[in-house]
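*Asks:* The structure's right below; bear with me while I get my questions together.
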Amino acid sequence: MLRRRLTLTSGRPAALLSGVLALAMVACSEERSGAGPRPPDAAPADPDIGEDAPINLSYVCGNRYVVTNAQSFPITVTYRVEGSEEEGTVDLAAAPRMDPAITEHTIEVRTTGAVQLFAGGRLVVARANGRAPCLSDAASPALSLSGTEAGEWSAPFSWPIVAIHMALLPDQRVLALGRLGTPQVWDPVSGTFTAVPPPAWLFCAGQTMLPDGRVFFAGGHIDYDYGLPNTTLFNPADNTWTSSTLMARGRWYPTTTSLANGDVLILAGRDQASVEVGEPEVWSNGTIRRLTGASKTLPYYPRVFLTPKGTAFVAGHVVYTRYLTTTGSGAWKSGPKHLYTSTRDYGSAVMYESGKILYAGGSRTTNTAETIDLNAATPAWKWTGSMAYARRHLNLTLLPTGEVLATGGVAGTTFNDFSKPVYPAEIWNPATGQWTTLSGNAILRDYHGTALLMPDGRVLVAGGSESKGLPSQKNAEIFSPPYLFRGARPTISSAPTTLGYGQSFRIETADAGTIAKVTLIRLGTVTHAFDQNARLLRLASTADSTGLTVTGPSSGNVAPPGHYMLFIVNGSDVPSVAQIVKIQ
């Protein structure tokens with residue numbers, strides 16, 4: 001899925017350009033003479049280059065790197081290790097017209113130093129050696145649970161399609177879309193599926209829940225790397241679709257982020273001509289506003305979050321993060337640099353508490369994780385505990401206890417090494433920063449796998465692959481986390497269905513004296529290892545003999561308008577079944 005085409009002079013065939021580049025690199029290599037270490041070359045023009053660059057280099061571990069080609073023609077590139085005489089060439093085939101649209105080659109250098117990559121005599125990217133040890137594919141977990149404390153998986157059950165996109169609807173049903181087949185709505189009570197044919201091919205669109213409960217999609221699929229300009233709405237009230245205003249350009253693999261007033265920010269992706277879209281757009285109740293002062297190309301499906309201050313924070317995949325102001329014509333501001341020295345592409349990220357983000361896994365491949373607190377005076381990424389398993393294409397899912405569940409993914413150093421699946425789930429505790437290994441599922445959940453928290457506290461896990469040469473997982477599993485085996489669950493007797501900002505409200509419950517937490521989790525909209533609006537809020541509460549008085553969210557920056565799951569959690573970390581509430 002990573003392809004950027006070079007602009008060719010009219011009438012010049014791609015094969016000729018490939019040959020010219022190869023000759024130029026040979027000439028560049030031969031013109032240097034003399035002995036001794038090579039001085040560093042000039043830095044590439046864009047040190048913040050993303051994983052969707054046409055020719056790229058990613059650090060993996062040890063002295064290992066991956067070289068990728070996302071162009072429609074073959075090319076030979078040269079690599080050099082700074083401060084040494086070591087260099088070599090790599091022949092990269094043309095990128096295939098499939099998903100993912102890249103070819104790649106792993107190199108392992110002898111010298112511990114930064115590696116530079118040249119094409120046509122030009123330095124296109126340099127990657128530092130992160131000096132990270134190469135992990136085994138299944139590291140020994142530091143802490144592992146067994147029995148019901150490890151959670152429990154259901155047997156796999158069939159789905160009509162591969163659930164590459166999933167959204168939890170306000171009526172507790174699930175909307176699912178794949179690359180092929182008709183989108184479906186699954187009813188978890190009856191177990192039935194309803195086909196809902198859309199007006200556009202929405203594979204690889206961005207998705208988010210609107211304040212009124214409709215699901216918003218930006219972009220869609222013309223061909224691999226070619227995106228539709230459509231915006232499309234699904235209404236769960238009657239299972240109907242509506243086509244909304246066209247964007248200025250198509251988008252394939254964009255991210256959509258709910259803003260404080262209910263508008264939707266649209267970032268990244270490729271247009272109808274397979275050209276990266278740099279200019280952000282904001283959809284507002286059927287109109288679209290272009291942020292003409294904030295054009296910047298970003299990697300596919302950037303991990304974006306609305307901050308408590310109202311800006312959009314681009315947390316990844318690349319090492320350098322960004323803040324985007326969405327008022328007026330828009331403006332970018334530099335953010336804190338990740339501690340992990342390579343891109344965390346196809347890692348997963350969630351806002352596990354207001355303004356606090358966990359980012360784990362990704363790259364080729366890491367088990368590391370980082371957190372950041374955007375509420376701090378000077379936000380900075382900090383290491384948290386590492387997962388037992390290195391994972392790429394994993395899903396992080398917020399749980400009502402405030403913990404975060406990691407499921408699925410693959411290890412290995414290729415884009416999607418499905419020969420090295422990761423089956424055990426892991427759970428992260430924000431209080432300790434440590435991960436605990438839980439029981440494993442039965443089905444490979446690799447690239448295109450999805451996971452979604454349900455109102456009963458279980459996690460729906462589905463999808464996987466549906467690309468050429470890979471198994472297509474037309475099935476799902478349900479994971480019951482350990483908290484469902486710790487005793488009786490507290491119950492909500494009554495709670496309001498709508499909440500206002502800055503207002504207190506009542507939860508009637510016979511279990512008020514045992515309640516330790518009240519949490520809100522936004523309904524999930526997940527695809528490609530990322531729930532595009534995942535956030536959890538902890539609400540302050542006081543108990544009395546009949547229930548809880550709870551302080552609601554302070555503003556739309558903290559909780560964008562829309563539907564959330566409201567949970568009460570007792571002192572044993574056992575959650576209730578959620579009540580769906582609408583914040584407005």
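Naming works like this for the structure tokens: A, B, ... for the chains as they're shown, residue 1 at the start of each chain, ligands 1 onward in shown order.
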Do you know which residues are at most 8 Å from Ser158 (chain A) counting only C-alpha atoms, after dropping those on the same chain fewer than 3 positions away, and could you put them as a count of residues only?

*Replies:* 3

*Asks:* May I have the residues within 6 Å of region 342-351 of chain A as a list of chain:residue names, using only C-alpha atoms and disregarding those fewer than 6 positions away in the same chain?

*Replies:*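 Answer for this query is A:Tyr59, A:His317, A:Val318, A:Val319, A:Ile357, A:Leu358, A:Tyr359, A:Ala360, A:Gly361, A:Gly362, A:Ser363, A:Arg392, A:His393, A:Asn395, A:Leu396, A:Ala529, A:Phe530, A:Ala534, A:Arg535.
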
*Asks:* Work out how far apart CA of Tyr447 (chain A) and CA of Phe217 (chain A) are and give it in Å to one decimal.

*Replies:*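 The value is 20.5 Å.
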
*Asks:* Which residues of region 516-542 of chain A have any atom within 7 Å of an atom in region 554-570 of chain A when counting only C-alpha atoms, and what is the closest pair of atoms for each, with the distance in Å to one decimal? Order the rows by chain and rising number and write it as a tab-separated table.

*Replies:*
```
residue	atom	partner	partner_atom	distance
A:Ala516	CA	A:Asn570	CA	5.0
A:Lys517	CA	A:Val569	CA	5.1
A:Val518	CA	A:Ile568	CA	4.6
A:Thr519	CA	A:Phe567	CA	5.3
A:Leu520	CA	A:Leu566	CA	4.7
A:Ile521	CA	A:Met565	CA	5.2
A:Arg522	CA	A:Tyr564	CA	4.2
A:Leu523	CA	A:Tyr564	CA	5.4
```

*Asks:* Take the residues from that selection and put them in a file with N, CA and C atoms, as a JSON list (two decimals), in the first residue's frame.

*Replies:*
```
[["chain", "number", "residue", "atom", "x", "y", "z"],
["A", 516, "ALA", "N", -15.37, 1.93, 42.24],
["A", 516, "ALA", "CA", -14.07, 2.63, 42.32],
["A", 516, "ALA", "C", -13.83, 3.55, 41.14],
["A", 517, "LYS", "N", -14.48, 3.28, 40.00],
["A", 517, "LYS", "CA", -14.25, 4.07, 38.80],
["A", 517, "LYS", "C", -15.54, 4.23, 38.01],
["A", 518, "VAL", "N", -15.67, 5.36, 37.36],
["A", 518, "VAL", "CA", -16.70, 5.57, 36.34],
["A", 518, "VAL", "C", -15.96, 5.98, 35.07],
["A", 519, "THR", "N", -16.15, 5.27, 33.99],
["A", 519, "THR", "CA", -15.40, 5.54, 32.77],
["A", 519, "THR", "C", -16.33, 5.69, 31.57],
["A", 520, "LEU", "N", -15.89, 6.51, 30.63],
["A", 520, "LEU", "CA", -16.57, 6.68, 29.35],
["A", 520, "LEU", "C", -15.60, 6.26, 28.24],
["A", 521, "ILE", "N", -16.06, 5.46, 27.30],
["A", 521, "ILE", "CA", -15.25, 5.06, 26.15],
["A", 521, "ILE", "C", -16.04, 5.34, 24.88],
["A", 522, "ARG", "N", -15.45, 6.08, 23.97],
["A", 522, "ARG", "CA", -16.13, 6.42, 22.72],
["A", 522, "ARG", "C", -16.35, 5.16, 21.89],
["A", 523, "LEU", "N", -17.49, 5.09, 21.21],
["A", 523, "LEU", "CA", -17.78, 3.94, 20.36],
["A", 523, "LEU", "C", -16.68, 3.81, 19.30]]
```

*Asks:* Report as a Markdown table: every residue of region 511-541 of chain A with an atom at most 12 Å from region 299-302 of chain A, its closest pair of atoms, and their distance in Å to one decimal, counting only C-alpha atoms, with rows sorted by chain and ascending residue number.

*Replies:*
```
| residue | atom | partner | partner_atom | distance |
| --- | --- | --- | --- | --- |
| A:Val526 | CA | A:Tyr301 | CA | 11.2 |
| A:Thr527 | CA | A:Tyr301 | CA | 9.2 |
| A:His528 | CA | A:Tyr301 | CA | 7.8 |
| A:Ala529 | CA | A:Tyr301 | CA | 9.4 |
| A:Phe530 | CA | A:Tyr301 | CA | 8.2 |
| A:Asp531 | CA | A:Tyr301 | CA | 10.4 |
| A:Gln532 | CA | A:Tyr301 | CA | 8.7 |
| A:Asn533 | CA | A:Pro302 | CA | 11.9 |
```

*Asks:* Using CA of Tyr389 (chain A) and CA of Thr106 (chain A) as the two end points, give the distance in Å to one decimal.

*Replies:*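 These two atoms are separated by 21.2 Å.
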
*Asks:* Please indicate the distance in Å from CA of Asp212 (chain A) to CA of Gln503 (chain A), rounded to one decimal place.

*Replies:* 20.0 Å

*Asks:* Quick one: everything within 6 Å of Ala95 (chain A), counting only C-alpha atoms, minus sequence neighbours fewer than 3 positions away in the same chain. Send it as a PyMOL selection string.

*Replies:* chain A and resi 70-72+101-103

*Asks:* Of the residues A:Thr414, A:Thr68, A:Asn56, A:Asn63, which is the one nearest to Thr111 (chain A), using only C-alpha atoms?

*Replies:*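 Of A:Thr414, A:Thr68, A:Asn56, A:Asn63, the one nearest Thr111 (chain A) is A:Asn63, counting only C-alpha atoms.
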
*Asks:* Just asking: which residues within region 38-229 of chain A are helix (DSSP H, G or I) according to DSSP, as a list in words?

*Replies:*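 Residues meeting the helix (DSSP H, G or I) criterion: Gly147, Thr148, Glu149 and Ala150 of chain A.
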
*Asks:* Calculated over only C-alpha atoms, which of the candidates A:Ala163, A:Ala218, A:Ala425, A:Leu175 has the smallest distance to Asp271 (chain A)?

*Replies:*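 Selected residue with least distance to Asp271 (chain A): A:Ala218.
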
*Asks:* Can you list, as a PyMOL selection string, all residues belonging to region 202-282 of chain A that DSSP tags as strand (DSSP E)?

*Replies:* chain A and resi 206-209+215-218+221-223+226-227+231-235+240-243+255-258+264-267+281-282
